[in-house]
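> Structure: start.pdb, PDB, C-alpha atoms, pLDDT in the B column.
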ATOM      1  CA  GLY Q  29      55.439 -64.005  50.899  1.00 59.00           C
ATOM      2  CA  GLY Q  30      54.344 -61.566  53.615  1.00 57.00           C
ATOM      3  CA  GLU Q  31      55.919 -58.597  51.885  1.00 58.00           C
ATOM      4  CA  VAL Q  32      54.126 -59.345  48.614  1.00 52.00           C
ATOM      5  CA  ARG Q  33      50.804 -59.545  50.443  1.00 59.00           C
ATOM      6  CA  ARG Q  34      51.446 -56.216  52.168  1.00 62.00           C
ATOM      7  CA  ASP Q  35      52.228 -54.501  48.814  1.00 58.00           C
ATOM      8  CA  GLU Q  36      48.954 -55.796  47.327  1.00 61.00           C
ATOM      9  CA  VAL Q  37      46.960 -54.409  50.246  1.00 55.00           C
ATOM     10  CA  CYS Q  38      48.627 -50.996  49.940  1.00 59.00           C
ATOM     11  CA  HIS Q  39      47.959 -50.883  46.182  1.00 59.00           C
ATOM     12  CA  THR Q  40      44.287 -51.767  46.723  1.00 61.00           C
ATOM     13  CA  SER Q  41      43.902 -49.037  49.375  1.00 65.00           C
ATOM     14  CA  ARG Q  42      45.398 -46.351  47.119  1.00 65.00           C
ATOM     15  CA  ALA Q  43      43.099 -47.350  44.225  1.00 61.00           C
ATOM     16  CA  SER Q  44      40.074 -47.202  46.513  1.00 67.00           C
ATOM     17  CA  LEU Q  45      41.001 -43.747  47.780  1.00 65.00           C
ATOM     18  CA  MET Q  46      41.481 -42.422  44.190  1.00 62.00           C
ATOM     19  CA  SER Q  47      38.111 -43.843  43.145  1.00 62.00           C
ATOM     20  CA  LYS Q  48      36.340 -42.148  46.045  1.00 65.00           C
ATOM     21  CA  ALA Q  49      38.058 -38.838  45.278  1.00 61.00           C
ATOM     22  CA  PHE Q  50      36.994 -39.060  41.620  1.00 55.00           C
ATOM     23  CA  GLU Q  51      33.403 -39.790  42.590  1.00 61.00           C
ATOM     24  CA  ALA Q  52      33.357 -36.815  44.949  1.00 61.00           C
ATOM     25  CA  GLN Q  53      34.711 -34.548  42.225  1.00 57.00           C
ATOM     26  CA  PHE Q  54      32.116 -35.865  39.712  1.00 50.00           C
ATOM     27  CA  GLN Q  55      29.313 -35.164  42.181  1.00 56.00           C
ATOM     28  CA  ARG Q  56      30.491 -31.588  42.680  1.00 53.00           C
ATOM     29  CA  SER Q  57      30.596 -30.859  38.938  1.00 50.00           C
ATOM     30  CA  GLY Q  58      27.724 -33.100  37.834  1.00 51.00           C
ATOM     31  CA  PRO Q  59      23.958 -32.583  37.632  1.00 54.00           C
ATOM     32  CA  ALA Q  60      23.694 -32.337  41.382  1.00 51.00           C
ATOM     33  CA  SER Q  61      25.042 -28.776  41.215  1.00 53.00           C
ATOM     34  CA  PRO Q  62      23.743 -27.170  37.967  1.00 56.00           C
ATOM     35  CA  ARG Q  63      25.054 -23.789  36.810  1.00 59.00           C
ATOM     36  CA  PRO Q  64      22.740 -20.889  37.428  1.00 56.00           C
ATOM     37  CA  GLU Q  65      21.002 -19.834  34.168  1.00 57.00           C
ATOM     38  CA  ARG Q  66      21.485 -16.257  33.029  1.00 62.00           C
ATOM     39  CA  GLU Q  67      18.158 -14.454  32.888  1.00 60.00           C
ATOM     40  CA  SER Q  68      17.783 -12.168  29.851  1.00 68.00           C
ATOM     41  CA  ALA Q  69      16.223  -8.772  30.438  1.00 77.00           C
ATOM     42  CA  PRO Q  70      12.835  -8.298  28.718  1.00 85.00           C
ATOM     43  CA  VAL Q  71      12.736  -5.919  25.734  1.00 86.00           C
ATOM     44  CA  ASP Q  72      10.662  -2.752  26.004  1.00 91.00           C
ATOM     45  CA  ALA Q  73       9.074  -2.899  22.547  1.00 87.00           C
ATOM     46  CA  ALA Q  74       7.575   0.601  22.739  1.00 90.00           C
ATOM     47  CA  SER Q  75      10.910   2.208  23.642  1.00 90.00           C
ATOM     48  CA  ALA Q  76      12.726   0.179  21.001  1.00 87.00           C
ATOM     49  CA  LEU Q  77      10.260   1.229  18.310  1.00 88.00           C
ATOM     50  CA  LYS Q  78      10.532   4.863  19.413  1.00 88.00           C
ATOM     51  CA  ARG Q  79      14.293   4.764  18.823  1.00 90.00           C
ATOM     52  CA  PHE Q  80      13.703   3.947  15.156  1.00 87.00           C
ATOM     53  CA  THR Q  81      10.668   6.181  14.559  1.00 88.00           C
ATOM     54  CA  GLU Q  82      11.686   9.265  16.500  1.00 86.00           C
ATOM     55  CA  GLY Q  83      15.328   8.678  17.382  1.00 84.00           C
ATOM     56  CA  GLY Q  84      16.445   8.213  13.798  1.00 85.00           C
ATOM     57  CA  GLU Q  85      18.310   4.949  14.320  1.00 89.00           C
ATOM     58  CA  LYS Q  86      18.961   2.770  11.280  1.00 88.00           C
ATOM     59  CA  ALA Q  87      17.168  -0.520  10.728  1.00 87.00           C
ATOM     60  CA  ASP Q  88      20.416  -2.498  10.749  1.00 90.00           C
ATOM     61  CA  THR Q  89      21.019  -1.558  14.400  1.00 90.00           C
ATOM     62  CA  MET Q  90      17.820  -3.328  15.494  1.00 90.00           C
ATOM     63  CA  SER Q  91      18.451  -6.619  17.301  1.00 90.00           C
ATOM     64  CA  GLY Q  92      16.480  -9.766  16.584  1.00 89.00           C
ATOM     65  CA  LYS Q  93      14.859  -9.665  20.037  1.00 90.00           C
ATOM     66  CA  GLU Q  94      13.762  -6.067  19.479  1.00 90.00           C
ATOM     67  CA  MET Q  95      12.269  -6.929  16.105  1.00 91.00           C
ATOM     68  CA  TYR Q  96      10.185  -9.823  17.456  1.00 92.00           C
ATOM     69  CA  ALA Q  97       9.124  -7.794  20.494  1.00 92.00           C
ATOM     70  CA  ILE Q  98       7.932  -4.971  18.239  1.00 92.00           C
ATOM     71  CA  VAL Q  99       5.995  -7.432  16.059  1.00 93.00           C
ATOM     72  CA  ASP Q 100       4.294  -8.918  19.148  1.00 92.00           C
ATOM     73  CA  MET Q 101       3.353  -5.429  20.362  1.00 92.00           C
ATOM     74  CA  LEU Q 102       1.932  -4.514  16.950  1.00 91.00           C
ATOM     75  CA  LYS Q 103      -0.121  -7.709  16.887  1.00 91.00           C
ATOM     76  CA  ARG Q 104      -1.664  -6.776  20.228  1.00 92.00           C
ATOM     77  CA  GLU Q 105      -2.413  -3.234  19.117  1.00 91.00           C
ATOM     78  CA  HIS Q 106      -3.376  -3.723  15.455  1.00 90.00           C
ATOM     79  CA  GLY Q 107      -4.765  -7.236  15.360  1.00 90.00           C
ATOM     80  CA  ALA Q 108      -5.237  -8.870  11.967  1.00 90.00           C
ATOM     81  CA  GLU Q 109      -3.218  -6.284  10.028  1.00 87.00           C
ATOM     82  CA  ALA Q 110      -0.119  -6.904  12.149  1.00 88.00           C
ATOM     83  CA  ALA Q 111      -0.720 -10.652  11.976  1.00 89.00           C
ATOM     84  CA  ALA Q 112      -0.619 -10.378   8.193  1.00 89.00           C
ATOM     85  CA  LEU Q 113       2.624  -8.425   8.539  1.00 89.00           C
ATOM     86  CA  GLU Q 114       4.119 -11.246  10.598  1.00 90.00           C
ATOM     87  CA  ALA Q 115       3.107 -13.781   7.947  1.00 88.00           C
ATOM     88  CA  SER Q 116       4.823 -11.650   5.299  1.00 88.00           C
ATOM     89  CA  LEU Q 117       7.989 -11.350   7.384  1.00 90.00           C
ATOM     90  CA  LEU Q 118       8.231 -15.140   7.616  1.00 89.00           C
ATOM     91  CA  LYS Q 119       8.606 -15.277   3.832  1.00 87.00           C
ATOM     92  CA  VAL Q 120      11.627 -12.936   3.855  1.00 88.00           C
ATOM     93  CA  LYS Q 121      15.017 -14.635   4.234  1.00 88.00           C
ATOM     94  CA  ARG Q 122      17.456 -11.844   5.119  1.00 91.00           C
ATOM     95  CA  GLN Q 123      17.178 -10.472   8.634  1.00 90.00           C
ATOM     96  CA  LEU Q 124      17.923  -6.914   7.500  1.00 91.00           C
ATOM     97  CA  ASP Q 125      15.169  -7.080   4.886  1.00 91.00           C
ATOM     98  CA  LYS Q 126      12.745  -8.163   7.608  1.00 89.00           C
ATOM     99  CA  LYS Q 127      13.647  -5.127   9.708  1.00 90.00           C
ATOM    100  CA  ILE Q 128      13.326  -2.743   6.763  1.00 92.00           C
ATOM    101  CA  MET Q 129       9.946  -4.247   5.879  1.00 90.00           C
ATOM    102  CA  LEU Q 130       8.825  -3.899   9.501  1.00 89.00           C
ATOM    103  CA  LEU Q 131       9.774  -0.217   9.644  1.00 90.00           C
ATOM    104  CA  ASP Q 132       8.074   0.411   6.292  1.00 90.00           C
ATOM    105  CA  TRP Q 133       4.876  -1.097   7.661  1.00 88.00           C
ATOM    106  CA  VAL Q 134       5.133   1.008  10.823  1.00 89.00           C
ATOM    107  CA  GLY Q 135       5.698   4.091   8.654  1.00 86.00           C
ATOM    108  CA  GLU Q 136       2.502   3.393   6.704  1.00 85.00           C
ATOM    109  CA  HIS Q 137       0.247   2.351   9.599  1.00 83.00           C
ATOM    110  CA  VAL Q 138       1.675   3.892  12.776  1.00 82.00           C
ATOM    111  CA  SER Q 139       4.358   6.560  12.345  1.00 69.00           C
ATOM    112  CA  PRO Q 140       5.327   8.138   8.994  1.00 60.00           C
ATOM    113  CA  ALA Q 141       8.808   8.945  10.308  1.00 57.00           C
ATOM    114  CA  ALA Q 142       9.745   5.275  10.590  1.00 56.00           C
ATOM    115  CA  ALA Q 143       9.971   4.611   6.872  1.00 51.00           C
ATOM    116  CA  VAL Q 144      12.298   7.537   6.282  1.00 46.00           C
ATOM    117  CA  GLU Q 145      15.404   6.440   8.140  1.00 47.00           C
ATOM    118  CA  LYS Q 146      16.450   3.068   6.759  1.00 46.00           C
ATOM    119  CA  PRO Q 147      19.649   1.882   5.108  1.00 50.00           C
ATOM    120  CA  ARG Q 148      19.756   1.659   1.337  1.00 53.00           C
ATOM    121  CA  ARG Q 149      22.233  -0.028  -0.940  1.00 54.00           C
ATOM    122  CA  ALA Q 150      24.742   2.250  -2.642  1.00 52.00           C
ATOM    123  CA  SER Q 151      24.011   2.911  -6.288  1.00 52.00           C
ATOM    124  CA  LEU Q 152      26.425   3.617  -9.115  1.00 51.00           C
ATOM    125  CA  ALA Q 153      25.518   7.298  -8.906  1.00 52.00           C
ATOM    126  CA  ASP Q 154      26.564   7.328  -5.226  1.00 54.00           C
ATOM    127  CA  CYS Q 155      29.935   5.802  -6.071  1.00 50.00           C
ATOM    128  CA  THR Q 156      30.788   8.032  -9.027  1.00 51.00           C
ATOM    129  CA  ASN Q 157      29.058  11.161  -7.735  1.00 54.00           C
ATOM    130  CA  THR Q 158      28.248  12.150 -11.309  1.00 52.00           C
ATOM    131  CA  ALA Q 159      24.492  12.614 -10.986  1.00 50.00           C
ATOM    132  CA  PRO Q 160      23.457  15.867 -12.734  1.00 54.00           C
ATOM    133  CA  PRO Q 161      21.699  18.606 -10.770  1.00 56.00           C
ATOM    134  CA  ALA Q 162      17.924  18.610 -10.819  1.00 57.00           C
ATOM    135  CA  ALA Q 163      17.728  21.604 -13.169  1.00 56.00           C
ATOM    136  CA  GLU Q 164      20.129  20.019 -15.689  1.00 54.00           C
ATOM    137  CA  ALA Q 165      18.274  16.683 -15.538  1.00 53.00           C
ATOM    138  CA  ALA Q 166      14.944  18.399 -16.152  1.00 55.00           C
ATOM    139  CA  ALA Q 167      16.195  20.343 -19.174  1.00 57.00           C
ATOM    140  CA  PRO Q 168      16.179  17.400 -21.643  1.00 56.00           C
ATOM    141  CA  LEU Q 169      12.695  16.480 -20.473  1.00 57.00           C
ATOM    142  CA  ALA Q 170      11.424  20.002 -21.076  1.00 59.00           C
ATOM    143  CA  THR Q 171      13.053  20.048 -24.517  1.00 65.00           C
ATOM    144  CA  ALA Q 172      11.413  16.742 -25.424  1.00 65.00           C
ATOM    145  CA  ALA Q 173       8.030  17.976 -24.201  1.00 66.00           C
ATOM    146  CA  ASP Q 174       8.351  21.136 -26.302  1.00 72.00           C
ATOM    147  CA  ALA Q 175       9.211  19.047 -29.365  1.00 68.00           C
ATOM    148  CA  ILE Q 176       6.141  16.875 -28.833  1.00 68.00           C
ATOM    149  CA  LYS Q 177       3.935  19.959 -28.501  1.00 70.00           C
ATOM    150  CA  ARG Q 178       5.343  21.400 -31.723  1.00 73.00           C
ATOM    151  CA  GLN Q 179       4.698  18.125 -33.562  1.00 71.00           C
ATOM    152  CA  GLN Q 180       1.123  17.994 -32.282  1.00 69.00           C
ATOM    153  CA  ALA Q 181       0.505  21.607 -33.293  1.00 70.00           C
ATOM    154  CA  SER Q 182       1.954  20.919 -36.757  1.00 67.00           C
ATOM    155  CA  ARG Q 183      -0.288  17.877 -37.218  1.00 66.00           C
ATOM    156  CA  SER Q 184      -3.341  19.824 -36.045  1.00 60.00           C
ATOM    157  CA  SER Q 185      -2.713  22.669 -38.495  1.00 59.00           C
ATOM    158  CA  ALA Q 186      -2.102  20.202 -41.342  1.00 56.00           C
ATOM    159  CA  THR Q 187      -5.389  18.459 -40.554  1.00 53.00           C
ATOM    160  CA  GLN Q 188      -7.257  21.765 -40.513  1.00 55.00           C
ATOM    161  CA  GLU Q 189      -5.741  22.753 -43.882  1.00 53.00           C
ATOM    162  CA  ALA Q 190      -6.611  19.399 -45.445  1.00 50.00           C
ATOM    163  CA  ALA Q 191     -10.186  19.351 -44.109  1.00 47.00           C
ATOM    164  CA  PRO Q 192     -11.746  21.709 -46.705  1.00 48.00           C
ATOM    165  CA  ALA Q 193     -10.149  19.775 -49.568  1.00 46.00           C
ATOM    166  CA  ALA Q 194     -11.419  16.468 -48.171  1.00 49.00           C
ATOM    167  CA  ALA Q 195     -14.977  17.733 -47.745  1.00 52.00           C
ATOM    168  CA  LYS Q 196     -17.440  16.172 -50.212  1.00 49.00           C
ATOM    169  CA  PRO Q 197     -19.387  18.642 -52.328  1.00 54.00           C
ATOM    170  CA  PRO Q 198     -23.191  18.240 -52.559  1.00 67.00           C
ATOM    171  CA  ALA Q 199     -22.944  16.755 -56.066  1.00 70.00           C
ATOM    172  CA  GLU Q 200     -20.668  14.011 -54.689  1.00 84.00           C
ATOM    173  CA  ASP Q 201     -23.185  13.272 -51.968  1.00 89.00           C
ATOM    174  CA  GLY Q 202     -25.797  12.785 -54.671  1.00 89.00           C
ATOM    175  CA  ARG Q 203     -23.613  10.232 -56.420  1.00 92.00           C
ATOM    176  CA  ILE Q 204     -23.051   8.328 -53.160  1.00 93.00           C
ATOM    177  CA  ALA Q 205     -26.792   8.397 -52.410  1.00 92.00           C
ATOM    178  CA  ARG Q 206     -27.568   6.892 -55.820  1.00 92.00           C
ATOM    179  CA  MET Q 207     -24.936   4.198 -55.247  1.00 93.00           C
ATOM    180  CA  ALA Q 208     -26.398   3.409 -51.811  1.00 93.00           C
ATOM    181  CA  ALA Q 209     -29.862   3.139 -53.374  1.00 93.00           C
ATOM    182  CA  LEU Q 210     -28.650   0.268 -55.543  1.00 95.00           C
ATOM    183  CA  PHE Q 211     -27.784  -1.816 -52.474  1.00 95.00           C
ATOM    184  CA  VAL Q 212     -31.072  -0.900 -50.785  1.00 94.00           C
ATOM    185  CA  GLU Q 213     -32.900  -2.107 -53.913  1.00 94.00           C
ATOM    186  CA  GLY Q 214     -31.203  -5.505 -53.754  1.00 94.00           C
ATOM    187  CA  LYS Q 215     -27.639  -5.348 -55.047  1.00 94.00           C
ATOM    188  CA  ASP Q 216     -25.415  -7.866 -53.280  1.00 95.00           C
ATOM    189  CA  ALA Q 217     -23.732  -6.233 -50.263  1.00 93.00           C
ATOM    190  CA  LEU Q 218     -20.565  -8.278 -50.776  1.00 94.00           C
ATOM    191  CA  SER Q 219     -20.056  -6.679 -54.201  1.00 94.00           C
ATOM    192  CA  MET Q 220     -19.482  -3.315 -52.503  1.00 94.00           C
ATOM    193  CA  THR Q 221     -15.831  -2.260 -52.694  1.00 94.00           C
ATOM    194  CA  GLY Q 222     -13.917  -1.005 -49.681  1.00 90.00           C
ATOM    195  CA  GLY Q 223     -13.845   2.528 -51.110  1.00 91.00           C
ATOM    196  CA  GLU Q 224     -17.604   2.512 -51.678  1.00 93.00           C
ATOM    197  CA  MET Q 225     -18.187   1.288 -48.131  1.00 94.00           C
ATOM    198  CA  PHE Q 226     -16.165   4.143 -46.620  1.00 94.00           C
ATOM    199  CA  GLU Q 227     -17.887   6.679 -48.919  1.00 93.00           C
ATOM    200  CA  VAL Q 228     -21.313   5.514 -47.705  1.00 93.00           C
ATOM    201  CA  ILE Q 229     -20.163   5.646 -44.066  1.00 94.00           C
ATOM    202  CA  GLY Q 230     -18.844   9.205 -44.534  1.00 92.00           C
ATOM    203  CA  TRP Q 231     -22.081  10.240 -46.262  1.00 91.00           C
ATOM    204  CA  LEU Q 232     -24.151   8.854 -43.372  1.00 93.00           C
ATOM    205  CA  LYS Q 233     -21.963  10.654 -40.832  1.00 93.00           C
ATOM    206  CA  ARG Q 234     -22.481  13.971 -42.632  1.00 91.00           C
ATOM    207  CA  LEU Q 235     -26.218  13.326 -42.385  1.00 90.00           C
ATOM    208  CA  GLY Q 236     -25.958  12.880 -38.606  1.00 91.00           C
ATOM    209  CA  HIS Q 237     -25.712   9.069 -38.446  1.00 92.00           C
ATOM    210  CA  ALA Q 238     -22.302   8.788 -36.782  1.00 90.00           C
ATOM    211  CA  GLU Q 239     -23.448   5.781 -34.740  1.00 92.00           C
ATOM    212  CA  VAL Q 240     -23.138   3.526 -37.804  1.00 90.00           C
ATOM    213  CA  GLU Q 241     -19.335   3.938 -37.779  1.00 91.00           C
ATOM    214  CA  ASP Q 242     -19.154   3.162 -34.058  1.00 91.00           C
ATOM    215  CA  SER Q 243     -21.084  -0.086 -34.555  1.00 89.00           C
ATOM    216  CA  LEU Q 244     -19.060  -1.186 -37.603  1.00 92.00           C
ATOM    217  CA  ILE Q 245     -15.744  -0.649 -35.780  1.00 91.00           C
ATOM    218  CA  ARG Q 246     -16.630  -3.594 -33.522  1.00 89.00           C
ATOM    219  CA  VAL Q 247     -17.059  -5.917 -36.529  1.00 90.00           C
ATOM    220  CA  ARG Q 248     -13.870  -7.726 -37.574  1.00 89.00           C
ATOM    221  CA  LEU Q 249     -14.621  -9.205 -41.023  1.00 93.00           C
ATOM    222  CA  GLN Q 250     -14.963  -6.863 -44.018  1.00 91.00           C
ATOM    223  CA  GLY Q 251     -17.854  -8.846 -45.500  1.00 91.00           C
ATOM    224  CA  ASP Q 252     -19.791  -8.597 -42.222  1.00 94.00           C
ATOM    225  CA  LYS Q 253     -19.205  -4.831 -42.178  1.00 94.00           C
ATOM    226  CA  LYS Q 254     -20.712  -4.479 -45.665  1.00 95.00           C
ATOM    227  CA  THR Q 255     -23.708  -6.656 -44.796  1.00 95.00           C
ATOM    228  CA  GLN Q 256     -24.452  -4.683 -41.628  1.00 94.00           C
ATOM    229  CA  LEU Q 257     -24.011  -1.377 -43.468  1.00 95.00           C
ATOM    230  CA  VAL Q 258     -26.564  -2.348 -46.113  1.00 95.00           C
ATOM    231  CA  SER Q 259     -28.959  -3.544 -43.391  1.00 94.00           C
ATOM    232  CA  TYR Q 260     -28.598  -0.150 -41.696  1.00 94.00           C
ATOM    233  CA  LEU Q 261     -29.365   1.619 -44.979  1.00 94.00           C
ATOM    234  CA  LYS Q 262     -32.522  -0.427 -45.497  1.00 94.00           C
ATOM    235  CA  ARG Q 263     -33.762   0.237 -41.939  1.00 93.00           C
ATOM    236  CA  ASN Q 264     -33.184   3.997 -42.151  1.00 92.00           C
ATOM    237  CA  TRP Q 265     -33.668   4.684 -45.877  1.00 93.00           C
ATOM    238  CA  ALA Q 266     -37.037   6.349 -45.321  1.00 90.00           C
ATOM    239  CA  THR Q 267     -35.439   8.974 -43.066  1.00 88.00           C
ATOM    240  CA  LEU Q 268     -32.527   9.766 -45.392  1.00 87.00           C
ATOM    241  CA  PRO Q 269     -32.637  12.637 -47.937  1.00 77.00           C
ATOM    242  CA  THR Q 270     -32.840  10.302 -50.954  1.00 62.00           C
ATOM    243  CA  ALA Q 271     -34.152  12.829 -53.448  1.00 46.00           C
ATOM    244  CA  ALA Q 272     -30.612  13.026 -54.794  1.00 47.00           C
ATOM    245  CA  ALA Q 273     -30.622   9.291 -55.322  1.00 51.00           C
ATOM    246  CA  GLU Q 274     -32.476   9.454 -58.602  1.00 50.00           C
ATOM    247  CA  PRO Q 275     -30.870   7.318 -61.293  1.00 46.00           C
ATOM    248  CA  ALA Q 276     -28.324   9.115 -63.368  1.00 42.00           C
ATOM    249  CA  ALA Q 277     -29.342   9.977 -66.962  1.00 41.00           C
TER     250      ALA Q 277
END
Translate this file's structure into structure tokens.

Amino acid sequence: GGEVRRDEVCHTSRASLMSKAFEAQFQRSGPASPRPERESAPVDAASALKRFTEGGEKADTMSGKEMYAIVDMLKREHGAEAAALEASLLKVKRQLDKKIMLLDWVGEHVSPAAAVEKPRRASLADCTNTAPPAAEAAAPLATAADAIKRQQASRSSATQEAAPAAAKPPAEDGRIARMAALFVEGKDALSMTGGEMFEVIGWLKRLGHAEVEDSLIRVRLQGDKKTQLVSYLKRNWATLPTAAAEPAA
């Protein structure tokens, strides 16, 4: 009985010692002895920006801390404009696109050199290296321009050749004046044909009344054009050379 009691006491003592050792170890590694926090060095925004504007570094080498430091510096120096830039950057998802946009803004508002050096995505021409030289690329454009000029010159000469044939002789003007007199005297304007309407307009233009065509162009319906044309004739009939408008024999 005594030996059993002695074993129990020894077991209890060992358990107590292990518990105390565990508590001591927990205290050494617990909150009582926190790890020292690593202090990050502040970013010199001006020097960082100078690397990209004058040093020629690419936008993709800019760190996130440098980007935000540069934005803060710009906000202090440029106020509302830089604040608007920050709001625009928040809408961009890709970090690289933010940096490119930042350098573009700096190139436009601060340093023109910043917007020059930025990464661009490779195009098909870069991969195949088949882009034609500038002189060869410009040749088709010059050929097309020459063809357009020749077409315009041809149309101009054709118009000049057709102009004398299209000109109305004085006798024709007399016929148109007599026709116009019928509408001034009361003939229904809607009975005027499209050909008659354009003949009257051309006759008025030859007499120096080009404004009538400009006003009729704004009218959409054909019937309204005829009505307004007859109204114009009635208002200005006294000033028109209507001697030729005598009724035909």
> Choose the residue, out of Q:Ala76, Q:Val212, Q:Leu232, Q:Ala199, that has the smallest atom-to-atom separation from Ser259 (chain Q); count only C-alpha atoms.
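Ranking Q:Ala76, Q:Val212, Q:Leu232, Q:Ala199 by distance to Ser259 (chain Q), first place goes to Q:Val212.
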> Name all residues at most 9 Å from Asp100 (chain Q) (count only C-alpha atoms; drop same-chain ones fewer than 5 positions away) and give them as a ChimeraX atom specification.
/Q:73,95,105,110-111,114
> By how many Å are CA of Ala115 (chain Q) and CA of Leu77 (chain Q) apart?
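Interatomic distance here is 19.6 Å.
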> Could you state the separation of CA of Ala97 (chain Q) and CA of Val71 (chain Q) in Å, given to one decimal place?
6.6 Å
> Applying 12 Å and all atoms listed in the file, which residues near Ile98 (chain Q) remain after dropping the ones on its own chain fewer than 4 positions away? List them as an MDAnalysis selection string.
chainID Q and resid 71:80 90:94 102:106 110 113:114 127 130:131 133:134
> Would you write out those residues with C-alpha atoms, as a JSON list (two decimals), in the coordinates of the input?

[["chain", "number", "residue", "atom", "x", "y", "z"],
["Q", 71, "VAL", "CA", 12.74, -5.92, 25.73],
["Q", 72, "ASP", "CA", 10.66, -2.75, 26.00],
["Q", 73, "ALA", "CA", 9.07, -2.90, 22.55],
["Q", 74, "ALA", "CA", 7.58, 0.60, 22.74],
["Q", 75, "SER", "CA", 10.91, 2.21, 23.64],
["Q", 76, "ALA", "CA", 12.73, 0.18, 21.00],
["Q", 77, "LEU", "CA", 10.26, 1.23, 18.31],
["Q", 78, "LYS", "CA", 10.53, 4.86, 19.41],
["Q", 79, "ARG", "CA", 14.29, 4.76, 18.82],
["Q", 80, "PHE", "CA", 13.70, 3.95, 15.16],
["Q", 90, "MET", "CA", 17.82, -3.33, 15.49],
["Q", 91, "SER", "CA", 18.45, -6.62, 17.30],
["Q", 92, "GLY", "CA", 16.48, -9.77, 16.58],
["Q", 93, "LYS", "CA", 14.86, -9.66, 20.04],
["Q", 94, "GLU", "CA", 13.76, -6.07, 19.48],
["Q", 102, "LEU", "CA", 1.93, -4.51, 16.95],
["Q", 103, "LYS", "CA", -0.12, -7.71, 16.89],
["Q", 104, "ARG", "CA", -1.66, -6.78, 20.23],
["Q", 105, "GLU", "CA", -2.41, -3.23, 19.12],
["Q", 106, "HIS", "CA", -3.38, -3.72, 15.46],
["Q", 110, "ALA", "CA", -0.12, -6.90, 12.15],
["Q", 113, "LEU", "CA", 2.62, -8.43, 8.54],
["Q", 114, "GLU", "CA", 4.12, -11.25, 10.60],
["Q", 127, "LYS", "CA", 13.65, -5.13, 9.71],
["Q", 130, "LEU", "CA", 8.82, -3.90, 9.50],
["Q", 131, "LEU", "CA", 9.77, -0.22, 9.64],
["Q", 133, "TRP", "CA", 4.88, -1.10, 7.66],
["Q", 134, "VAL", "CA", 5.13, 1.01, 10.82]]
> In Å, how far is it from CA of Glu200 (chain Q) to CA of Leu249 (chain Q)?
27.6 Å
> Step by step, work through what the PyMOL selection byres ((chain Q and resi 243) around 12) selects in the shown file, and finish by giving those residues as a PyMOL selection string.
chain Q and resi 229+237-242+244-248+252-254+256-257+260
> List, as a ChimeraX atom specification, every residue that the PyMOL selection byres ((chain Q and resi 227) around 12) selects in the file provided.
/Q:194-196,200-208,220-226,228-234,241,254,257
> Write out as a compact mmCIF listing (two decimals) with C-alpha atoms, in the coordinates of the input each polymer residue whose atoms come within 9 Å of region 262-266 of chain Q, counting all atoms listed in the file; drop sequence neighbours fewer than 6 positions from it.

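Saved the output as selection_21.txt:
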# COMPACT_ATOMS: atom_id res chain seq x y z
CA ALA Q 209 -29.86 3.14 -53.37
CA PHE Q 211 -27.78 -1.82 -52.47
CA VAL Q 212 -31.07 -0.90 -50.78
CA GLU Q 213 -32.90 -2.11 -53.91
